[in-house]
Structures are given as structure tokens and as C-alpha cells.
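> Next comes data22.cif, mmCIF, C-alpha atoms:
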data_start
loop_
_atom_site.label_atom_id
_atom_site.label_comp_id
_atom_site.auth_asym_id
_atom_site.auth_seq_id
_atom_site.Cartn_x
_atom_site.Cartn_y
_atom_site.Cartn_z
CA MET D 29 168.51 72.37 97.60
CA THR D 30 165.83 70.53 95.70
CA LEU D 31 162.49 72.01 94.58
CA PRO D 32 158.87 70.97 95.25
CA LEU D 33 157.48 68.56 92.68
CA PRO D 34 155.11 71.13 91.08
CA LEU D 35 158.10 73.37 90.33
CA GLN D 36 160.11 70.44 88.99
CA GLU D 37 157.19 69.70 86.67
CA LYS D 38 157.28 73.28 85.39
CA LEU D 39 161.00 72.90 84.65
CA SER D 40 160.29 69.74 82.65
CA ASN D 41 157.47 71.50 80.80
CA LEU D 42 159.78 74.37 79.87
CA ALA D 43 162.49 72.02 78.62
CA ASN D 44 160.04 69.89 76.63
CA ALA D 45 158.55 72.98 74.97
CA LEU D 46 162.07 74.15 74.12
CA ILE D 47 163.38 70.80 72.85
CA ASP D 48 160.24 70.18 70.81
CA GLN D 49 161.17 67.42 68.37
CA LYS D 50 158.23 68.01 66.01
CA ARG D 51 158.36 71.82 66.03
CA ALA D 52 162.11 71.99 65.38
CA ARG D 53 163.37 72.81 61.88
CA VAL D 54 166.67 72.00 60.19
CA ILE D 55 169.04 74.97 60.00
CA VAL D 56 172.27 73.16 58.94
CA PRO D 57 171.85 69.87 57.07
CA ALA D 58 174.50 67.16 57.09
CA GLN D 59 176.65 66.78 53.98
CA ASP D 60 174.71 63.69 52.95
CA GLN D 61 171.26 62.40 53.92
CA SER D 62 172.33 58.99 55.16
CA THR D 63 173.74 57.21 58.20
CA GLY D 64 176.94 58.54 59.72
CA PHE D 65 176.52 62.10 58.42
CA TRP D 66 176.01 64.83 61.06
CA PHE D 67 176.33 68.51 61.78
CA GLY D 68 176.32 69.79 65.35
CA GLY D 69 178.23 69.56 68.59
CA GLY D 70 178.56 73.33 68.96
CA ASN D 71 176.67 76.36 70.22
CA MET D 72 175.01 79.65 69.26
CA ILE D 73 175.96 83.18 70.34
CA GLU D 74 174.44 86.59 69.60
CA SER D 75 176.39 89.75 68.72
CA PRO D 76 175.50 93.17 70.18
CA GLU D 77 174.02 93.96 66.75
CA GLY D 78 171.67 90.98 66.97
CA GLU D 79 173.50 88.69 64.54
CA LEU D 80 173.45 85.00 65.43
CA TYR D 81 176.51 82.76 64.98
CA VAL D 82 176.40 78.96 65.09
CA VAL D 83 179.51 76.78 65.27
CA GLY D 84 179.64 73.02 64.74
CA ARG D 85 181.47 70.25 62.95
CA TYR D 86 180.58 68.15 59.95
CA ARG D 87 181.00 64.50 60.82
CA ASN D 88 180.90 62.25 57.75
CA TYR D 89 180.62 58.49 57.55
CA GLY D 90 184.04 56.88 57.41
CA ASP D 91 187.19 56.09 59.30
CA SER D 92 189.29 58.96 60.65
CA ARG D 93 192.33 56.66 60.58
CA THR D 94 192.65 56.53 56.77
CA GLY D 95 196.02 58.23 56.71
CA ILE D 96 196.84 61.21 58.89
CA GLY D 97 193.89 63.53 58.51
CA ALA D 98 192.80 61.91 55.24
CA GLY D 99 189.79 60.00 56.48
CA GLU D 100 186.28 61.41 56.60
CA ARG D 101 184.60 61.26 60.04
CA GLY D 102 185.18 64.60 61.89
CA LEU D 103 185.85 66.37 58.62
CA GLU D 104 185.26 70.13 58.94
CA LEU D 105 184.63 72.84 61.54
CA ALA D 106 182.28 75.59 60.36
CA ILE D 107 180.65 78.81 61.57
CA PHE D 108 177.30 79.99 60.20
CA GLN D 109 175.84 83.48 60.50
CA SER D 110 172.24 84.68 60.57
CA SER D 111 171.34 88.34 60.04
CA ASP D 112 167.56 87.73 60.12
CA GLN D 113 166.99 86.45 63.67
CA GLY D 114 167.49 82.81 62.74
CA ASP D 115 165.30 82.60 59.64
CA SER D 116 168.34 81.61 57.54
CA PHE D 117 172.01 80.78 58.11
CA GLU D 118 175.00 81.23 55.80
CA LYS D 119 178.41 79.58 56.20
CA VAL D 120 181.03 82.28 56.80
CA LEU D 121 184.08 80.34 58.05
CA LYS D 122 185.44 76.81 57.84
CA TRP D 123 188.48 74.83 58.97
CA SER D 124 189.82 71.50 57.71
CA LYS D 125 191.64 69.01 59.92
CA ALA D 126 194.98 70.29 58.65
CA ASP D 127 193.98 73.86 59.52
CA LEU D 128 193.70 72.81 63.18
CA ASN D 129 196.99 70.94 63.52
CA VAL D 130 199.12 71.90 66.52
CA GLY D 131 202.86 71.28 66.25
CA LYS D 132 203.67 67.62 65.69
CA THR D 133 200.21 66.37 66.70
CA PRO D 134 198.18 66.22 63.48
CA VAL D 135 194.39 66.17 63.79
CA LEU D 136 192.64 62.87 63.05
CA SER D 137 189.09 64.05 63.73
CA ILE D 138 187.31 67.32 64.63
CA GLU D 139 184.86 67.06 67.52
CA GLY D 140 182.74 69.47 69.60
CA SER D 141 183.30 73.23 69.73
CA ALA D 142 182.06 76.41 71.40
CA LEU D 143 182.11 80.17 70.79
CA ARG D 144 182.19 82.80 73.52
CA TRP D 145 182.59 86.57 73.63
CA THR D 146 185.58 87.98 75.55
CA ASP D 147 186.79 91.44 76.54
CA GLN D 148 189.17 91.29 73.58
CA GLY D 149 186.61 89.99 71.07
CA VAL D 150 185.73 86.33 70.60
CA GLU D 151 187.19 82.92 71.43
CA LEU D 152 186.60 79.62 69.64
CA LEU D 153 187.20 76.44 71.61
CA VAL D 154 187.48 73.27 69.53
CA SER D 155 188.20 69.67 70.50
CA THR D 156 190.07 67.33 68.21
CA GLU D 157 191.48 63.81 68.20
CA LYS D 158 195.24 64.14 67.72
CA ASP D 159 197.97 61.74 66.73
CA ASN D 160 201.42 61.49 68.37
CA ILE D 161 200.29 62.24 71.91
CA GLY D 162 200.20 58.72 73.34
CA TYR D 163 198.83 57.26 76.57
CA PRO D 164 200.48 57.41 80.01
CA LYS D 165 202.90 54.54 80.58
CA GLU D 166 200.66 52.64 83.01
CA VAL D 167 197.88 52.34 80.40
CA GLU D 168 199.77 52.71 77.13
CA GLY D 169 198.71 49.27 75.90
CA PHE D 170 195.07 50.45 75.73
CA LEU D 171 195.75 52.89 72.89
CA LYS D 172 194.35 51.25 69.77
CA PRO D 173 196.60 51.44 66.69
CA GLY D 174 195.72 54.37 64.45
CA THR D 175 193.75 56.26 67.10
CA GLY D 176 194.65 59.38 69.04
CA VAL D 177 193.92 61.41 72.15
CA TRP D 178 191.23 64.11 72.45
CA THR D 179 192.27 67.58 73.61
CA ILE D 180 190.79 71.10 73.43
CA ASP D 181 192.40 74.09 71.69
CA SER D 182 191.63 77.81 71.52
CA LEU D 183 191.51 80.41 68.76
CA LYS D 184 191.15 84.09 69.74
CA ALA D 185 190.44 87.17 67.60
CA ASP D 186 188.89 90.62 67.77
CA SER D 187 185.97 89.49 65.58
CA VAL D 188 184.35 86.29 64.38
CA GLU D 189 185.60 86.97 60.85
CA ASN D 190 189.21 87.17 62.03
CA LEU D 191 189.12 83.80 63.77
CA LYS D 192 190.21 82.24 60.49
CA LYS D 193 193.60 83.95 60.85
CA ALA D 194 193.97 83.19 64.57
CA PRO D 195 196.66 80.75 65.76
CA VAL D 196 195.55 77.44 67.27
CA THR D 197 196.86 77.17 70.84
CA PRO D 198 196.41 74.40 73.43
CA PHE D 199 193.64 75.03 75.98
CA LEU D 200 193.07 71.76 77.86
CA SER D 201 194.57 68.28 77.91
CA SER D 202 194.95 65.52 80.46
CA GLU D 203 197.34 62.75 81.48
CA GLU D 204 195.03 61.33 84.18
CA PRO D 205 193.84 57.91 82.92
CA ASN D 206 190.33 58.29 84.37
CA TRP D 207 189.72 61.44 82.30
CA LEU D 208 192.42 61.11 79.68
CA HIS D 209 190.32 62.39 76.78
CA VAL D 210 188.78 65.89 77.02
CA LYS D 211 186.39 67.08 74.33
CA ASP D 212 183.08 68.78 73.45
CA PRO D 213 183.52 72.09 75.35
CA PHE D 214 180.54 74.27 76.24
CA VAL D 215 180.38 77.60 78.03
CA TYR D 216 178.19 78.72 80.93
CA SER D 217 177.98 82.44 81.63
CA ASN D 218 176.57 83.47 84.98
CA PRO D 219 175.85 87.17 85.56
CA GLN D 220 177.63 86.97 88.94
CA SER D 221 180.84 85.41 87.64
CA GLU D 222 183.10 84.90 84.65
CA SER D 223 182.12 82.32 82.06
CA THR D 224 183.06 78.74 82.87
CA VAL D 225 184.16 76.11 80.36
CA PHE D 226 182.62 72.67 80.76
CA CYS D 227 183.60 69.60 78.74
CA CYS D 228 183.15 65.88 78.28
CA THR D 229 185.77 63.41 79.51
CA HIS D 230 186.45 59.76 78.68
CA PRO D 231 188.73 57.33 80.51
CA PHE D 232 191.59 55.55 78.77
CA ASN D 233 189.43 52.47 78.11
CA TRP D 234 186.40 54.39 76.72
CA ALA D 235 184.05 52.73 79.22
CA SER D 236 182.06 55.88 80.00
CA SER D 237 181.31 59.50 79.09
CA ASN D 238 181.42 62.12 81.85
CA THR D 239 181.16 65.85 82.56
CA ALA D 240 183.85 68.18 83.93
CA PHE D 241 184.50 71.89 84.25
CA VAL D 242 187.65 74.01 84.30
CA GLU D 243 188.35 76.33 87.22
CA ASN D 244 190.08 79.67 86.70
CA ASP D 245 193.46 78.21 87.72
CA GLY D 246 193.12 75.44 85.13
CA THR D 247 192.10 72.71 87.59
CA VAL D 248 189.70 70.18 86.09
CA VAL D 249 186.77 69.29 88.38
CA SER D 250 185.44 65.95 87.21
CA ASP D 251 183.34 64.52 90.06
CA PHE D 252 180.46 66.98 90.50
CA PHE D 253 177.87 65.31 88.20
CA ALA D 254 177.73 61.56 88.73
CA ARG D 255 176.38 59.24 86.07
CA GLY D 256 172.83 57.99 86.51
CA MET D 257 171.55 54.65 87.74
CA SER D 258 169.58 53.35 84.76
CA TRP D 259 169.37 54.69 81.18
CA ASP D 260 172.36 57.04 81.70
CA VAL D 261 174.64 54.82 83.75
CA ALA D 262 177.43 54.83 81.14
CA MET D 263 177.04 58.35 79.74
CA THR D 264 176.28 61.62 81.46
CA ARG D 265 177.78 64.26 79.19
CA GLY D 266 176.66 67.80 79.92
CA THR D 267 176.03 70.00 76.88
CA ALA D 268 174.38 73.19 78.18
CA LEU D 269 173.31 75.06 81.31
CA LEU D 270 170.36 77.47 81.27
CA ASP D 271 169.48 79.85 84.08
CA VAL D 272 165.70 79.59 84.35
CA PRO D 273 164.07 82.98 83.63
CA MET D 274 162.92 84.46 86.93
CA VAL D 275 159.27 84.89 85.97
CA GLY D 276 155.99 83.35 87.14
CA ALA D 277 156.49 80.72 89.81
CA PHE D 278 160.28 81.26 89.55
CA GLU D 279 160.21 85.01 90.17
CA GLU D 280 162.16 84.57 93.41
CA ILE D 281 163.81 81.20 92.70
CA ASP D 282 167.35 80.84 91.35
CA ALA D 283 167.35 77.61 89.33
CA THR D 284 169.51 76.34 86.48
CA LEU D 285 168.62 73.61 83.99
CA VAL D 286 171.28 71.08 82.99
CA PHE D 287 170.96 69.47 79.56
CA TYR D 288 173.01 66.33 79.06
CA ASP D 289 173.45 63.33 76.77
CA GLY D 290 173.13 59.87 78.25
CA GLY D 291 173.23 56.17 77.44
CA GLU D 292 173.32 52.76 79.06
CA CYS D 293 176.43 51.66 77.25
CA VAL D 294 179.07 52.98 74.89
CA ARG D 295 178.48 49.97 72.62
CA ASP D 296 175.31 48.67 70.99
CA LEU D 297 173.21 46.61 73.38
CA ASP D 298 171.34 43.50 72.30
CA GLN D 299 167.66 43.82 73.23
CA HIS D 300 165.44 40.96 74.34
CA LYS D 301 162.98 40.26 71.56
CA GLU D 302 160.03 39.99 73.96
CA ALA D 303 160.87 42.93 76.21
CA VAL D 304 160.34 46.69 75.78
CA VAL D 305 162.01 47.92 72.59
CA ARG D 306 164.11 51.03 73.21
CA PRO D 307 165.89 53.31 70.73
CA ARG D 308 169.27 51.70 70.11
CA GLY D 309 168.85 49.93 73.45
CA TYR D 310 169.56 53.32 75.08
CA SER D 311 173.13 52.76 73.94
CA CYS D 312 175.89 54.02 71.70
CA GLU D 313 174.13 57.06 70.22
CA GLU D 314 173.16 59.46 72.98
CA LEU D 315 169.65 60.49 74.01
CA GLY D 316 168.77 63.69 75.85
CA GLY D 317 168.61 64.06 79.63
CA LEU D 318 167.56 66.87 81.96
CA ALA D 319 168.57 67.91 85.48
CA PHE D 320 168.69 71.08 87.58
CA PHE D 321 170.42 72.78 90.49
CA SER D 322 169.46 75.73 92.69
CA ASP D 323 171.26 78.82 94.01
CA GLY D 324 174.32 78.14 91.87
CA ASP D 325 175.19 74.98 93.81
CA LEU D 326 176.75 72.60 91.28
CA SER D 327 177.40 70.05 94.02
CA GLN D 328 173.65 69.37 94.28
CA ILE D 329 172.42 68.42 90.80
CA HIS D 330 168.99 66.76 90.74
CA ARG D 331 167.91 64.60 87.83
CA LEU D 332 164.55 65.11 86.16
CA SER D 333 165.32 62.23 83.74
CA ARG D 334 165.64 59.65 86.51
CA TYR D 335 164.41 56.49 84.78
CA PHE D 336 164.11 57.39 81.10
CA PRO D 337 165.49 59.97 78.66
CA SER D 338 163.62 63.26 78.31
CA PHE D 339 164.44 63.92 74.66
CA ILE D 340 164.21 61.28 71.93
CA SER D 341 163.94 62.01 68.23
CA PRO D 342 160.75 60.52 66.74
CA TYR D 343 162.78 59.73 63.63
CA GLY D 344 165.56 57.35 62.66
CA THR D 345 167.59 55.95 65.57
CA GLY D 346 165.95 58.23 68.14
CA CYS D 347 169.22 60.06 68.72
CA SER D 348 168.81 63.57 70.15
CA ARG D 349 171.94 65.18 71.52
CA TYR D 350 174.26 68.19 71.89
CA VAL D 351 171.50 70.52 73.10
CA ASP D 352 172.54 74.17 73.33
CA VAL D 353 170.33 77.04 74.56
CA LEU D 354 170.87 80.75 73.96
CA ALA D 355 168.89 83.29 76.00
CA THR D 356 168.21 86.54 74.13
CA SER D 357 166.07 89.63 74.73
CA ARG D 358 163.31 88.05 72.58
CA GLY D 359 163.34 84.56 74.04
CA LEU D 360 165.21 81.25 74.00
CA PHE D 361 166.90 79.64 70.99
CA ALA D 362 167.58 75.90 71.30
CA THR D 363 169.69 73.91 68.85
CA TRP D 364 170.49 70.20 68.86
CA GLN D 365 171.57 67.32 66.66
CA GLN D 366 168.51 65.24 65.71
CA SER D 367 168.27 61.87 63.95
CA GLN D 368 166.14 61.89 60.78
CA GLU D 369 164.24 59.20 58.87
CA ASP D 370 167.20 58.99 56.46
CA LEU D 371 169.49 58.43 59.51
CA SER D 372 171.44 61.65 59.02
CA GLN D 373 171.72 64.03 61.99
CA PRO D 374 171.41 67.70 60.98
CA LEU D 375 171.39 70.66 63.34
CA VAL D 376 167.82 71.64 64.21
CA MET D 377 166.50 74.72 66.00
CA ASN D 378 163.45 75.78 67.99
CA PHE D 379 162.55 79.18 69.47
CA LEU D 380 160.42 80.02 72.50
CA SER D 381 159.32 83.63 72.94
CA ASN D 382 159.45 85.34 76.31
CA ALA D 383 155.65 85.24 76.40
CA GLU D 384 155.66 81.46 75.89
CA VAL D 385 158.29 80.99 78.60
CA GLU D 386 156.33 83.10 81.07
CA SER D 387 153.13 81.19 80.31
CA ILE D 388 154.84 77.85 80.97
CA LEU D 389 156.38 79.04 84.25
CA SER D 390 153.31 80.90 85.48
#
Output the structure of this file as C-alpha cells.

Amino acid sequence: MTLPLPLQEKLSNLANALIDQKRARVIVPAQDQSTGFWFGGGNMIESPEGELYVVGRYRNYGDSRTGIGAGERGLELAIFQSSDQGDSFEKVLKWSKADLNVGKTPVLSIEGSALRWTDQGVELLVSTEKDNIGYPKEVEGFLKPGTGVWTIDSLKADSVENLKKAPVTPFLSSEEPNWLHVKDPFVYSNPQSESTVFCCTHPFNWASSNTAFVENDGTVVSDFFARGMSWDVAMTRGTALLDVPMVGAFEEIDATLVFYDGGECVRDLDQHKEAVVRPRGYSCEELGGLAFFSDGDLSQIHRLSRYFPSFISPYGTGCSRYVDVLATSRGLFATWQQSQEDLSQPLVMNFLSNAEVESILS
């Protein structure tokens, strides 16, 4: 079911107030203030005591293929903690590539991650590029020398602090060429059901970036959110779902926002010198998109970013990606990876109080 245009406009207004590029502040800087240095690709959770935890990975400029695990690129996974409602964050845990090795598949690069609470404590999902996995026989020639395959692993513990001692166990992998690489997990928790793990998939030839989710029996559903028709025709990578607070005009409407990263191409596009200049040609580095669905129906996702991206950094390359939103008793925390003037991409955060949300949706 779609929604009337005035309600769709309110959804866009809420998302734009939340992903406010100018109001956002840096909470985790990259390891260097220059191109190729990032921190992000994770999420935020809140403990029963009100402590905030943020997970993400440091991505440094460089080649992940410089020896097994020796190169820079996806260098370190880290968890930060805030005991003052997000005013400051302190690093409490970290993992190197070697720390995340599984068996005889050493990690080449650390990618996206996600934390979620469980009945037994906490689970950390982390995606990595691994060596020694190989491609299926029918497409094995497409595996570039020195590169690996992306899979997702799990670490479980009774507390965040004890995750450091938790074993790394396989969670999700694929041998289907059309979604051979699985990475960048994120978690959606609906009050009426168990939490669901979503992820990004790539085909064997890296021609596109797509969204999938994992059913309780382990089945991967990869065809529910089609790529767009214009600026997001090559990339439609979901990063977060947010149930719209049922206040104001949405008091009796069950709607969920879908934040995603999009792009026209997975390679840099050459732009016509006399045509409209677009950030990176809407290519290579992702820009932020927005969609929604109603009544929990994932099969009917409606784009609000139909022709152009919704979220573009006013700085650097324009890149704005890996949006995550945490709903708390005080309001909504949004974090995302945002390009800066120096071309680094730190993790930034913005907060909307319940009063602000209700005013926007009224």
C-alpha cells in the first residue's frame, strides 16, 4: 500500500531533519584526514542502563592485497561507548584482521558490522573479505588475483565487554553467482517479530550492489527491493529500517522508512563538461536514498528518492552513506559516514527529540 503525497512529504521531511548534513557532528574521526580514510559501516545500540554503543570499521587508504592481512584498507573493527547520552564516545574494544580469521580463510579486509541484543546477551555480526574461499567453477575465472570473497561472521557473548573473548563463527556465505558476496549486515527489530538480519550482496562480476535479508531458516531473500531506474540503477544497498513513530498524522498508520545507498555505476563515470555536474557522477561512492513500506509489507517498497539522491554531503565528494537510526525513549539518533572537505569520511551523528519528531509529523 502506498501513502497519499502529503504523508510521503512528511516522511521525507522527517528523514531530512534526521540526516541533517549541516547539523551533524563528528563522533568518530577517521585515522587520517585525507582521501581513503573512513570510519563507519556499523550501527548504534542502547543498553538498559542507557549506555550507547557504536560499532564500525576503520578503512584506511591502501591495498588490502599487500600480503595476507598486511595491507591497510579495512584495517580495524572497533566498538565505542558513550555514558553521557552521546556527548562523547570512548573506544572500548578493537579487532585486527588477524583477530577475525576463521580457519584457513584469512581476512583481507574488514567491512560492515552490526550489534544486536539477544536473550543471552549481545551478538556482533561482522563482514570480511576472506582469502582461500574461491569462486564457483562456472565463474571461477572472474576472481581477480589477490582478492577474496565477502562473508558474514558472528561473535556472541553475555556482555559487550566479553565480545573480545568470543569465538568467530560463520553466519552467512553464498555460492550463488548472482549474490556471491554478502556483506554490511544491519538489523531490523520489529515489536511483533524477532529481529531480522539484512545485508548487501554483490554478484561475481561486481556489476551491482543489492539488498537481501535472512529468514529464520537461513534462506536468503534477495529480490524484494529492486534497484532504481536512474541515479540508483547500479546500487541499492539498504542500511537501516526505521518504524515511523505513530504520532501526529501517523497516529494510526504503520509505516517504515528504508534508508539505502545508491549509485549509477560501480565505477567512476565521465561527466559531460556542458551538462549538469553531479557528485562523482552519482557513481562509485554511494549517496543516500530513501524509501518506505506500509503495514510491514516488504514486497511493496516505494521510493521517495525516485530521480535524485535524498542525502548528499555538502563537503568533499558528496558521499553520504551507511545511515543507521536508533529509536530511544528520548528520540532518534542517526549516524552515517559523511565526506569532509579533506576527503576523509568520519562517522557523524545527529539527534532528533521526540518533540521535534512529533512536530514534523503533526
> When the PyMOL selection byres ((chain D and resi 267) around 10) is applied to the file above, which residues end up in the set, as a VMD selection string?
chain D and resid 69 to 71 140 212 to 216 226 to 228 239 264 to 266 268 to 269 286 to 289 316 to 317 349 to 353 364
> Check what the PyMOL selection byres ((chain D and resi 272) around 10) selects in the file above and give those residues as a ChimeraX atom specification.
/D:39,42,269-271,273-275,278-279,281-285,320,322,355,385,389
> Excluding same-chain residues fewer than 4 positions from Leu33 of chain D, what lies within 12 Å of it counting all atoms listed in the file, as an MDAnalysis selection string?
chainID D and resid 37:40 330 332
> Hey, what comes out of the PyMOL selection byres ((chain D and resi 310) around 10) on this file? Could you write it as a PyMOL selection string?
chain D and resi 258-260+290-297+299+305-309+311-315+336-337+346-347
> Take atom CA of Leu360 of chain D and atom CA of Val120 of chain D and report the distance between them in Å, one decimal.
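We find that atom CA of Leu360 of chain D and atom CA of Val120 of chain D lie 23.4 Å from each other.
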> For each of D:Val135, D:Ile161, D:Val82, D:Leu128, take the minimum atom-to-atom distance to Ser182 of chain D, counting all atoms listed in the file, then give the residue where this is smallest.
D:Leu128
> Looking at D:Gly131, D:Gly114, D:Gly256, D:Gly149, which one is nearest to Ala194 of chain D, with distances taken over all atoms listed in the file?
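The closest residue to Ala194 of chain D is D:Gly149.
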> So, with all atoms listed in the file as the atoms that count, which of D:Ser348, D:Ser387, D:Ser137, D:Ser116 lies closest to Val54 of chain D?
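Going through D:Ser348, D:Ser387, D:Ser137, D:Ser116 one by one, the smallest distance to Val54 of chain D is for D:Ser116.
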> Kindly indicate which residue among D:Ser390, D:Asn206, D:Thr179, D:Ser141 lies nearest to Lys158 of chain D, using only C-alpha atoms for the distances.
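Ranked by minimum distance to Lys158 of chain D, first place goes to D:Thr179.
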> May I ask for the distance between atom CA of Tyr163 of chain D and atom CA of His209 of chain D, given in Å to one decimal place?
9.9 Å
> Between D:Phe253, D:Tyr89, D:Phe65, D:Phe379, which residue has the minimum interatomic distance to Ile329 of chain D, considering only C-alpha atoms?
D:Phe253
> Using only C-alpha atoms, which residue out of D:Met72, D:Val154, D:Leu105, D:Ala319 lies closest to Asp181 of chain D?
D:Val154
> Using all atoms listed in the file, give me every residue within 6 Å of (192.9, 84.0, 65.2) in file coordinates, as a PDB file with C-alpha atoms, keeping the file's coordinate frame.

ATOM      1  CA  LEU D 183     191.510  80.410  68.760  1.00  0.00           C
ATOM      2  CA  LYS D 184     191.150  84.090  69.740  1.00  0.00           C
ATOM      3  CA  ALA D 185     190.440  87.170  67.600  1.00  0.00           C
ATOM      4  CA  ASN D 190     189.210  87.170  62.030  1.00  0.00           C
ATOM      5  CA  LEU D 191     189.120  83.800  63.770  1.00  0.00           C
ATOM      6  CA  LYS D 192     190.210  82.240  60.490  1.00  0.00           C
ATOM      7  CA  LYS D 193     193.600  83.950  60.850  1.00  0.00           C
ATOM      8  CA  ALA D 194     193.970  83.190  64.570  1.00  0.00           C
ATOM      9  CA  PRO D 195     196.660  80.750  65.760  1.00  0.00           C
TER      10      PRO D 195
END
> What is the atom CA of Ile73 of chain D-atom CA of Glu100 of chain D distance in Å, reported with one decimal?
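These two atoms are separated by 27.7 Å.
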> Neighbouring residues of Phe232 of chain D were defined as those with any atom within 12 Å, considering all atoms listed in the file; residues of the same chain fewer than 4 positions away were excluded. Please report them as a PyMOL selection string.
chain D and resi 162-172+175-178+202-210+236-237
> Any chance you could export the current selection's C-alpha atoms as a short mmCIF file (atom, residue, chain, number, x, y, z; two decimals), in the coordinates of the input?

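Written file, result.cif:
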data_model
loop_
_atom_site.label_atom_id
_atom_site.label_comp_id
_atom_site.auth_asym_id
_atom_site.auth_seq_id
_atom_site.Cartn_x
_atom_site.Cartn_y
_atom_site.Cartn_z
CA GLY D 162 200.20 58.72 73.34
CA TYR D 163 198.83 57.26 76.57
CA PRO D 164 200.48 57.41 80.01
CA LYS D 165 202.90 54.54 80.58
CA GLU D 166 200.66 52.64 83.01
CA VAL D 167 197.88 52.34 80.40
CA GLU D 168 199.77 52.71 77.13
CA GLY D 169 198.71 49.27 75.90
CA PHE D 170 195.07 50.45 75.73
CA LEU D 171 195.75 52.89 72.89
CA LYS D 172 194.35 51.25 69.77
CA THR D 175 193.75 56.26 67.10
CA GLY D 176 194.65 59.38 69.04
CA VAL D 177 193.92 61.41 72.15
CA TRP D 178 191.23 64.11 72.45
CA SER D 202 194.95 65.52 80.46
CA GLU D 203 197.34 62.75 81.48
CA GLU D 204 195.03 61.33 84.18
CA PRO D 205 193.84 57.91 82.92
CA ASN D 206 190.33 58.29 84.37
CA TRP D 207 189.72 61.44 82.30
CA LEU D 208 192.42 61.11 79.68
CA HIS D 209 190.32 62.39 76.78
CA VAL D 210 188.78 65.89 77.02
CA SER D 236 182.06 55.88 80.00
CA SER D 237 181.31 59.50 79.09
#
